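One structure is given below, encoded as structure tokens.
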Amino acid sequence: MNFENVIQSLMFGLFTGAIYGIAAVGLSLVFGVLKVLNVAHGELLMLGGYISYFAFAAWGLDPFLSLLIVIPAMILAGIVLDRVLFRHIVRQEGEEKIKNSLLVSFGLALIMQNLAITQFTADDRSIQVAYMGMGINLLGISLPYSRLGSLILALVVILALHFFLHHSLAGKAVLATAEDVEAAELAGINIHRVFMLTFAVGASLAAIAGTQVVLTYGISPSVGLYWTLKALIIVILAGTNSILGAFPAGLLLGVVEGLSGAFLGQTYSEVIGLVMFLLVLMLRPQGLFVRQ
Amino acid sequence: MEEVAVKPFTQDLLRRWLSPAVIIVLVLLAGFVPWLVNRENVWNLLYLICLYITLGQSWNILAGFAGQTSLGHAAFFGIGALVVRTLWLGGVPFFLAFPLAGVAAVAFSLIIGVPTFRLRGAYFAIATLGVAEVLRIIVSQNLPMISTISAVQIANYNLPTRYYAMLGLTLATMVSAYLLLRSSLGLGILAVREDEEAARATGVSVLGHKLLALVMSSFFAGLAGSMFAFQQISYYPSAPFNPNWSFESVLVAYVGGLGSLIGPVIGAIFYIFVHEVLAIRLVNFHQVIFGLLFIVIVLLFPGGLMEAWNRIAILLKQIWKKVVSHRKPGGQPL
Amino acid sequence: MNTMLSVRSLRAAYGDIQALWDVSFDVNEGEIVSLIGSNGAGKSTLLRNIAGLHRPQAGTIQFEGLPVHRLPAYQIVERGVILVPEGRRLFCNLTVLENLELGAYSRRARKEREKTIRRVYELFPQLADRQGQRADTLSGGQQQMLAIGRAIMGQPRLLMLDEPSLGLAPLVVENIFEIIEHMNKQGVTVFLIEQNARQALKLAHRAYILDQGTIVGTGSGEELLKNDEVRQAYLGFAKTEDSLL
């Protein structure tokens with residue numbers, strides 16, 4: 001176990017963590033603003049991946065370019081889902097609301113997953129871009145182009161989101177709604193529109209992550225739960241009050257998984273995230289990054 | 001003067017004896033029909049129904065009676081299967097391994113139950129999901145090879161025996177759930193579901209009753225898992241830990257009617273039926289249907305098909321009353 | 001005088017509790033109207049229904065002739081009915097300035113935003129000094145000022161306040177009531193509910209008494225201040241020998 005391997009694991013952990021982070025921020029946004037837990041988040045990610053896959057299979061469209069299709073498509077999908085489904089849950093209160101959203105989105109996940117099996121078959125799909133396997137070699141550390149691309153994409157997206165939320169009036173309206181719905185209503189903010197757009201953005205973020213997933217790992221209809229759990233873990237770790245905090249938490253998880261995989265082996269790297277998550281749930285339900 | 005649809009005496013007779021009569025008829029059917037028909041797919045079909053009834057009912061005890069919505073039911077199912085498969089393929093007679101499976105599942109449930117019951121609602125659900133996933137990953141990493149029964153066991157494979165064992169387990173689960181509901185412990189459990197604070201204030205041990213529900217739930221789920229291990233010729237050891245088992249338990253209990261005794265039965269029969277009908281054409285479409293049904297039920301009919309049925313029954317009674325009252329002697333026709 | 005707000009036969013619940021049974025009253029343009037009554041009488045519920053946070057079970061609410069009882073809150077704000085809710089309800093994660101900016105979120109108010117901010121800073125110089133600070137770093141009195149300032153940002157034609165004096169020192173309360181009076185002189189109609197009945201009645205042109213979900217009395221502010229029953233029930237005066245409510 002030499003230094004180079006450790007740095008390599010670290011870098012790959014970072015790359016993976018970037019994808020984790022985008023997926024998690026999407027979930028965090030929806031949970032923070034609508035106060036709704038969308039267990040079908042992974043299925044939205046899967047959907048984004050499939051759009052990217054088919055765009056590549058049909059037109060040779062690079063997954064990064066396919067974002068131009070994926071993002072508008074998913075914004076539309078998000079709006080539809082909000083209007084048809086989540087709008088009814090948002091009206092409920094507190095505990096019941098979160099639990100019902102869990103159940104309803106679970107039904108949605110089931111529907112989406114099985115529709116995907118019927119439409120897309122259960123086969124694994126992956127994208128083989130021309131630059132697959134090629135990359136920069138920096139001081140003996142391999143940095144593939146596709147992975148670097150994912151990282152840069154993630155950073156750009158997060159930066160954009162940060163600017164939107166903290167430096168635009170609409171974004172501040174979203175933050176205000178997340179903090180106190182009634183006060184936002186009283187300030188004249190149309191919260192229904194805020195919910196709808198927030199959900200759409202959350203769905204898009206999931207889909208963006210999905211395009212990177214199909215490029216990096218490949219996808220199949222059943223990956224939804226895996227990614228939903230990852231996003232959930234990260235959101236809980238980050239704390240439910242910190243929307244963008246899910247991104248550094250995602251990076252952290254990626255790095256922890258990568259390093260524990262290097263030192264402790266495959267099994268541990270896969271369960272470590274879950275175990276950390278369970279520990280945090282039991283000991284510090286408000287998460288790690290939240291101010292007391 | 002009140003009109004009545006049926007004479008009072010007959011009405012009372014119906015009410016008191018209808019349910020038990022139907023149950024007895026169902027059990028007799030379940031016992032004799034497959035034996036009379038003696039076709040493999042009938043044995044398998046009824047076996048599946050029994051399995052899902054058991055899974056749904058065992059989940060119902062925790063989620064419906066005690067109000068603790070767990071999404072990790074597969075953990076108990078999987079542990080039961082793991083224990084039995086390991087022991088049985090290792091030479092231990094099935095009937096000895098069988099109860100051990102239940103015990104193992106219960107032991108595990110107690111270990112995770114105590115810390116997780118501190119969490120509320122959705123966080124409890126997620127935690128259970130997480131725990132079940134941890135188990136699945138550990139098993140799939142450490143036991144990646146498919147598990148197959150020996151040639152001798154294949155030769156001696158007796159489907160009817162397995163079916164009647166499963167039927168027995170299902171009946172035991174139903175009876176236990178029934179007895180629980182009618183006991184004072186059951187009352188305590190229901191109280192915890194309705195309002196934890198109020199229950200605690202009246203002296204009910206909230207954690208104790210939750211654990212009781214958990215123990216029963218995990219026990220029967222573990223036994224169901226052992227049935228699975230007994231019935232399946234070959235499967236991957238991590239398969240019974242697959243979250244789909246958790247989800248199907250939830251679906252069956254919810255769609256049938258959460259918290260009711262008969263709910264899981266209705267849900268299971270309906271689930272398998274739809275699966276059979278649709279499996280011919282579209283392999284996974286039954287899950288899409290059930291997903292839709294599930295959403296509708298969560299949003300509109302929290303009581304599931306039971307509640308929907310009750311509401312329809314009430315509606316029909318009201319309509320009947322209206323119709324009959326216009327036919328009273330001396331009354332004006334519409 | 002024009003009737004600005006007209007509530008007729010309002011029935012409303014708060015959760016499972018029936019808070020309002022049959023409430024009817026008016027607020028005329030340019031007035032300050034107070035609503036007093038003991039805790040749990042339903043005062044907050046009334047304001048919340050007018051503001052559009054809840055939908056009443058029965059009855060009507062008309063603002064400047066238009067029925068508003070079925071409108072969502074943001075549309076009511078657009079028409080110029082702004083509520084300063086109980087407990088301030090500021091956006092703690094945002095700065096003073098951002099809170100004010102969001103107060104002018106409605107289309108109508110957004111146009112005048114820059115001007116209104118300057119006006120608010122004139123009224124509340126302490127807010128100007130702290131405009132970059134997070135809202136939760138302010139003192140109680142400053143937070144109430146910010147809450148009122150945020151409401152002013154919405155260009156209210158009818159300003160409603162829910163217990164503005166709650167939890168504040170007397171001097172601060174004086175200041176706030178002065179500002180409310182000032183706003184009124186500038187043309188803003190005010191509808192105010194208050195536990196502090198004395199202040200509320202001193203300030204108001206007219207007042208209503210709400211008890212157990214219905215209006216049980218009305219009069220000018222002065223009249224009610226002098227009324228024995230009111231004095232005993234709400235102003236803390238001792239009962240006289242033969243007077244029981």
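Convention: chains lettered A, B, ... in structure tokens order; per-chain residue numbering from 1; ligands numbered from 1 as shown.
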
- request: Would you please give, as a list in words, all residues of segment 134-240 of chain C that DSSP assigns to strand (DSSP E) based on the backbone?
  value: Leu158, Leu159, Met160, Leu161, Asp162, Thr189, Val190, Phe191, Leu192, Ile193, Glu194, Arg206, Ala207, Tyr208, Ile209, Leu210, Asp211, Thr214, Ile215, Val216, Gly217, Thr218, Gly219 and Ser220 of chain C

task: Find the residues of chain C in contact range of chain A, meaning any atom within 6 Å when counting only C-alpha atoms, and list them as an MDAnalysis selection string.
output: chainID C and resid 73:74 77 89 91 103 105:106

Once you have the residues from the selection above, write them out as a PDB file, in the first residue's frame, restricted to N, CA, C and O atoms.
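Dumped to again07.pdb:
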```pdb
ATOM      1  N   ALA C  73     -52.641  32.871  -0.736  1.00  0.00           N
ATOM      2  CA  ALA C  73     -52.047  33.999   0.002  1.00  0.00           C
ATOM      3  C   ALA C  73     -51.318  34.981  -0.901  1.00  0.00           C
ATOM      4  O   ALA C  73     -51.449  36.203  -0.741  1.00  0.00           O
ATOM      5  N   TYR C  74     -50.569  34.473  -1.871  1.00  0.00           N
ATOM      6  CA  TYR C  74     -49.744  35.411  -2.639  1.00  0.00           C
ATOM      7  C   TYR C  74     -50.593  36.363  -3.463  1.00  0.00           C
ATOM      8  O   TYR C  74     -50.180  37.502  -3.742  1.00  0.00           O
ATOM      9  N   VAL C  77     -51.716  39.097  -1.124  1.00  0.00           N
ATOM     10  CA  VAL C  77     -50.613  40.041  -0.930  1.00  0.00           C
ATOM     11  C   VAL C  77     -50.523  40.976  -2.116  1.00  0.00           C
ATOM     12  O   VAL C  77     -50.299  42.177  -1.959  1.00  0.00           O
ATOM     13  N   ARG C  89     -41.618  35.553  12.407  1.00  0.00           N
ATOM     14  CA  ARG C  89     -41.435  34.651  11.272  1.00  0.00           C
ATOM     15  C   ARG C  89     -40.491  35.230  10.226  1.00  0.00           C
ATOM     16  O   ARG C  89     -40.809  35.322   9.051  1.00  0.00           O
ATOM     17  N   PHE C  91     -36.894  35.312   7.985  1.00  0.00           N
ATOM     18  CA  PHE C  91     -36.051  34.314   7.330  1.00  0.00           C
ATOM     19  C   PHE C  91     -34.664  34.409   7.962  1.00  0.00           C
ATOM     20  O   PHE C  91     -33.813  35.191   7.530  1.00  0.00           O
ATOM     21  N   GLY C 103     -39.748  40.902   0.971  1.00  0.00           N
ATOM     22  CA  GLY C 103     -41.027  41.506   1.308  1.00  0.00           C
ATOM     23  C   GLY C 103     -41.664  42.176   0.107  1.00  0.00           C
ATOM     24  O   GLY C 103     -42.882  42.289   0.013  1.00  0.00           O
ATOM     25  N   TYR C 105     -41.728  41.016  -2.906  1.00  0.00           N
ATOM     26  CA  TYR C 105     -41.706  40.009  -3.954  1.00  0.00           C
ATOM     27  C   TYR C 105     -42.844  40.173  -4.954  1.00  0.00           C
ATOM     28  O   TYR C 105     -42.710  39.834  -6.119  1.00  0.00           O
ATOM     29  N   SER C 106     -43.979  40.690  -4.483  1.00  0.00           N
ATOM     30  CA  SER C 106     -45.129  40.771  -5.390  1.00  0.00           C
ATOM     31  C   SER C 106     -44.826  41.754  -6.515  1.00  0.00           C
ATOM     32  O   SER C 106     -44.007  42.662  -6.366  1.00  0.00           O
TER      33      SER C 106
END
```

message: With only C-alpha atoms as the counted atoms, please give the residues lying no more than 8 Å from Gly222 of chain B, apart from itself and same-chain residues fewer than 5 positions off, as a list of chain:residue names.
response: B:Phe76, B:Phe77, B:Gly78, B:Ile79, B:Gly80, B:Ala81, B:Ala101, B:Gly102, B:Val103, B:Ala104, B:Ala105, B:Val106

- prompt: Nearest to chain A among B:Ala268, B:Val83, B:Ala151, B:Val139, with distances taken over only C-alpha atoms: which residue is it?
  reply: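 With only C-alpha atoms as the atom set, the closest residue is B:Val139.
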
field: chain A residues near chain B (8 Å cut-off, only C-alpha atoms) as an MDAnalysis selection string
entry: chainID A and resid 88:89 95:96 98:100 102:104 107:108 110:112 114:115 117:118 229 267 270:271 274:275 278 281:282

For the residues in that selection, give me N, CA, C and O atoms as a short mmCIF file (atom, residue, chain, number, x, y, z; two decimals), in the first residue's frame.
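The new file again-v4.cif reads:
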```cif
data_model
loop_
_atom_site.label_atom_id
_atom_site.label_comp_id
_atom_site.auth_asym_id
_atom_site.auth_seq_id
_atom_site.Cartn_x
_atom_site.Cartn_y
_atom_site.Cartn_z
N HIS A 88 -50.27 16.71 -3.94
CA HIS A 88 -51.27 16.27 -2.97
C HIS A 88 -50.66 16.00 -1.61
O HIS A 88 -51.33 16.08 -0.60
N ILE A 89 -49.39 15.66 -1.61
CA ILE A 89 -48.75 15.34 -0.34
C ILE A 89 -48.27 16.60 0.35
O ILE A 89 -48.27 16.69 1.57
N GLU A 95 -44.90 14.92 10.28
CA GLU A 95 -44.55 13.49 10.25
C GLU A 95 -45.28 12.73 9.18
O GLU A 95 -44.70 12.01 8.39
N GLU A 96 -46.61 12.89 9.17
CA GLU A 96 -47.45 12.16 8.24
C GLU A 96 -47.02 12.46 6.81
O GLU A 96 -46.98 11.58 5.96
N ILE A 98 -44.04 13.39 5.66
CA ILE A 98 -42.80 12.75 5.26
C ILE A 98 -43.02 11.27 5.03
O ILE A 98 -42.54 10.69 4.05
N LYS A 99 -43.80 10.65 5.91
CA LYS A 99 -44.02 9.21 5.76
C LYS A 99 -44.82 8.92 4.51
O LYS A 99 -44.52 8.01 3.76
N ASN A 100 -45.86 9.72 4.26
CA ASN A 100 -46.66 9.49 3.06
C ASN A 100 -45.86 9.73 1.80
O ASN A 100 -46.02 9.03 0.80
N LEU A 102 -42.75 9.21 1.51
CA LEU A 102 -41.91 8.03 1.38
C LEU A 102 -42.68 6.92 0.67
O LEU A 102 -42.19 6.29 -0.27
N LEU A 103 -43.91 6.70 1.12
CA LEU A 103 -44.70 5.61 0.55
C LEU A 103 -45.10 5.88 -0.89
O LEU A 103 -44.97 5.03 -1.76
N VAL A 104 -45.58 7.09 -1.13
CA VAL A 104 -46.03 7.40 -2.48
C VAL A 104 -44.86 7.34 -3.46
O VAL A 104 -44.98 6.79 -4.56
N GLY A 107 -44.07 3.88 -4.32
CA GLY A 107 -44.93 3.37 -5.37
C GLY A 107 -44.47 3.86 -6.74
O GLY A 107 -44.43 3.11 -7.72
N LEU A 108 -44.11 5.12 -6.78
CA LEU A 108 -43.63 5.71 -8.03
C LEU A 108 -42.36 5.01 -8.50
O LEU A 108 -42.21 4.69 -9.69
N LEU A 110 -41.44 2.01 -7.89
CA LEU A 110 -41.82 0.69 -8.38
C LEU A 110 -42.34 0.78 -9.80
O LEU A 110 -41.98 -0.01 -10.69
N ILE A 111 -43.19 1.77 -10.04
CA ILE A 111 -43.76 1.94 -11.36
C ILE A 111 -42.66 2.24 -12.37
O ILE A 111 -42.57 1.61 -13.43
N MET A 112 -41.83 3.21 -12.03
CA MET A 112 -40.78 3.62 -12.97
C MET A 112 -39.81 2.48 -13.25
O MET A 112 -39.43 2.24 -14.40
N ASN A 114 -40.28 -0.74 -13.07
CA ASN A 114 -40.85 -1.82 -13.87
C ASN A 114 -41.23 -1.38 -15.28
O ASN A 114 -41.17 -2.17 -16.22
N LEU A 115 -41.60 -0.13 -15.44
CA LEU A 115 -41.81 0.38 -16.79
C LEU A 115 -40.50 0.36 -17.55
O LEU A 115 -40.46 0.03 -18.74
N ILE A 117 -38.08 -1.72 -17.07
CA ILE A 117 -37.79 -3.11 -17.45
C ILE A 117 -38.58 -3.49 -18.69
O ILE A 117 -38.07 -4.12 -19.61
N THR A 118 -39.84 -3.09 -18.71
CA THR A 118 -40.67 -3.45 -19.86
C THR A 118 -40.20 -2.74 -21.12
O THR A 118 -40.16 -3.33 -22.19
N LEU A 229 -30.53 5.34 -2.11
CA LEU A 229 -29.92 5.13 -0.80
C LEU A 229 -28.67 5.98 -0.63
O LEU A 229 -28.47 6.59 0.41
N THR A 267 -15.94 -5.27 0.43
CA THR A 267 -17.14 -5.33 1.26
C THR A 267 -17.28 -4.10 2.12
O THR A 267 -18.33 -3.48 2.19
N GLU A 270 -18.30 -0.86 0.49
CA GLU A 270 -19.71 -0.76 0.14
C GLU A 270 -20.60 -0.54 1.34
O GLU A 270 -21.60 0.15 1.26
N VAL A 271 -20.24 -1.15 2.46
CA VAL A 271 -21.12 -0.97 3.61
C VAL A 271 -20.77 0.22 4.48
O VAL A 271 -21.57 0.66 5.30
N LEU A 274 -23.24 3.01 4.39
CA LEU A 274 -24.48 2.67 5.07
C LEU A 274 -24.29 2.67 6.58
O LEU A 274 -25.14 3.15 7.32
N VAL A 275 -23.16 2.11 7.01
CA VAL A 275 -22.94 2.03 8.45
C VAL A 275 -22.79 3.43 9.06
O VAL A 275 -23.37 3.73 10.10
N LEU A 278 -26.19 4.89 9.29
CA LEU A 278 -27.00 4.37 10.39
C LEU A 278 -26.52 4.95 11.72
O LEU A 278 -27.33 5.32 12.57
N LEU A 281 -27.71 8.48 12.00
CA LEU A 281 -29.15 8.47 12.28
C LEU A 281 -29.41 8.25 13.76
O LEU A 281 -30.22 8.92 14.38
N MET A 282 -28.70 7.27 14.31
CA MET A 282 -28.96 6.94 15.71
C MET A 282 -28.43 7.99 16.66
O MET A 282 -29.05 8.32 17.66
#
```

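Straight-line separation from atom CA of Gln68 of chain B to atom CA of Gly257 of chain B: 15.2 Å.
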
- request: Run DSSP on the backbone and give me the residues of segment 59-161 of chain B it puts in alpha helix (DSSP H), as JSON, numbers by chain.
  value: {"B": [59, 60, 74, 75, 76, 77, 78, 79, 80, 81, 82, 83, 84, 85, 86, 87, 88, 89, 94, 95, 96, 97, 98, 99, 100, 101, 102, 103, 104, 105, 106, 107, 108, 109, 110, 111, 112, 113, 114, 115, 116, 121, 122, 123, 124, 125, 126, 127, 128, 129, 130, 131, 132, 133, 134, 135, 136, 137, 138, 139, 140, 141, 142, 151, 152, 153, 154, 155, 159, 160, 161]}

field: All residues 7 Å or closer to Ala229 of chain B, only C-alpha atoms, same chain fewer than 4 positions away omitted, as a PyMOL selection string
entry: chain B and resi 81+84-85+225

- request: Can you pull out every residue within 8 Å of Ser150 of chain A, counting only C-alpha atoms, but drop anything in the same chain fewer than 4 positions away, and send it as a PyMOL selection string?
  value: chain A and resi 15+18-19+146+154+212

- prompt: Can you tell me how far atom CA of Phe98 of chain B sits from atom CA of Ala165 of chain B, in Å to one decimal?
  reply: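 For atom CA of Phe98 of chain B relative to atom CA of Ala165 of chain B, the distance reads 10.8 Å.
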
query: Neighbours of Ile117 of chain C within 9 Å (only C-alpha atoms; same-chain residues fewer than 5 positions away dropped), as a PyMOL selection string?
result: chain C and resi 97+100-101+112+122+149+152-153

Could you pull the residues within 8 Å of segment 255-262 of chain A, counting only C-alpha atoms, minus those fewer than 2 positions along the same chain, as a compact mmCIF listing (two decimals) with N, CA and C atoms, in the first residue's frame?
```
# COMPACT_ATOMS: atom_id res chain seq x y z
N ASN A 5 -0.89 4.74 -4.54
CA ASN A 5 -2.19 4.06 -4.54
C ASN A 5 -3.22 4.80 -3.70
N VAL A 6 -2.72 5.32 -2.59
CA VAL A 6 -3.64 6.05 -1.72
C VAL A 6 -4.18 7.28 -2.43
N SER A 9 -6.64 6.26 -5.02
CA SER A 9 -7.94 5.95 -4.43
C SER A 9 -8.65 7.22 -4.03
N LEU A 10 -7.90 8.14 -3.51
CA LEU A 10 -8.48 9.42 -3.10
C LEU A 10 -9.11 10.13 -4.29
N MET A 11 -8.35 10.19 -5.38
CA MET A 11 -8.85 10.89 -6.56
C MET A 11 -10.11 10.23 -7.09
N PHE A 12 -10.05 8.90 -7.19
CA PHE A 12 -11.24 8.21 -7.68
C PHE A 12 -12.41 8.37 -6.72
N GLY A 13 -12.09 8.42 -5.45
CA GLY A 13 -13.14 8.68 -4.47
C GLY A 13 -13.76 10.04 -4.71
N LEU A 14 -12.93 11.00 -5.04
CA LEU A 14 -13.41 12.36 -5.32
C LEU A 14 -14.29 12.36 -6.56
N THR A 16 -15.98 9.87 -7.85
CA THR A 16 -17.25 9.23 -7.51
C THR A 16 -18.08 10.15 -6.64
N GLY A 17 -17.41 10.77 -5.68
CA GLY A 17 -18.11 11.65 -4.75
C GLY A 17 -18.78 12.81 -5.45
N LEU A 251 -18.87 14.31 -1.62
CA LEU A 251 -17.44 14.15 -1.88
C LEU A 251 -16.80 13.34 -0.76
N LEU A 252 -17.19 13.70 0.46
CA LEU A 252 -16.63 13.01 1.63
C LEU A 252 -16.93 11.52 1.57
N LEU A 253 -18.18 11.21 1.27
CA LEU A 253 -18.54 9.79 1.21
C LEU A 253 -17.75 9.07 0.14
N LEU A 264 -9.33 -1.58 3.30
CA LEU A 264 -10.07 -2.63 3.98
C LEU A 264 -10.76 -3.63 3.06
N GLY A 265 -10.78 -3.33 1.78
CA GLY A 265 -11.41 -4.30 0.89
C GLY A 265 -12.80 -3.90 0.44
N GLN A 266 -13.27 -4.64 -0.54
CA GLN A 266 -14.50 -4.29 -1.25
C GLN A 266 -15.72 -4.23 -0.34
N THR A 267 -15.94 -5.27 0.43
CA THR A 267 -17.14 -5.33 1.26
C THR A 267 -17.28 -4.10 2.12
N TYR A 268 -16.17 -3.76 2.77
CA TYR A 268 -16.23 -2.65 3.69
C TYR A 268 -16.53 -1.34 2.98
N SER A 269 -15.93 -1.17 1.82
CA SER A 269 -16.18 0.10 1.14
C SER A 269 -17.65 0.24 0.78
N GLU A 270 -18.30 -0.86 0.49
CA GLU A 270 -19.71 -0.76 0.14
C GLU A 270 -20.60 -0.54 1.34
N ILE A 272 -19.56 0.74 4.28
CA ILE A 272 -19.14 1.78 5.21
C ILE A 272 -20.07 2.98 5.16
N GLY A 273 -20.50 3.31 3.94
CA GLY A 273 -21.40 4.45 3.82
C GLY A 273 -22.69 4.20 4.59
```

message: Please compute the atom CA of Ala51 of chain C-atom CA of Val230 of chain C distance, one decimal, in Å.
response: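 We find that atom CA of Ala51 of chain C and atom CA of Val230 of chain C lie 27.7 Å from each other.
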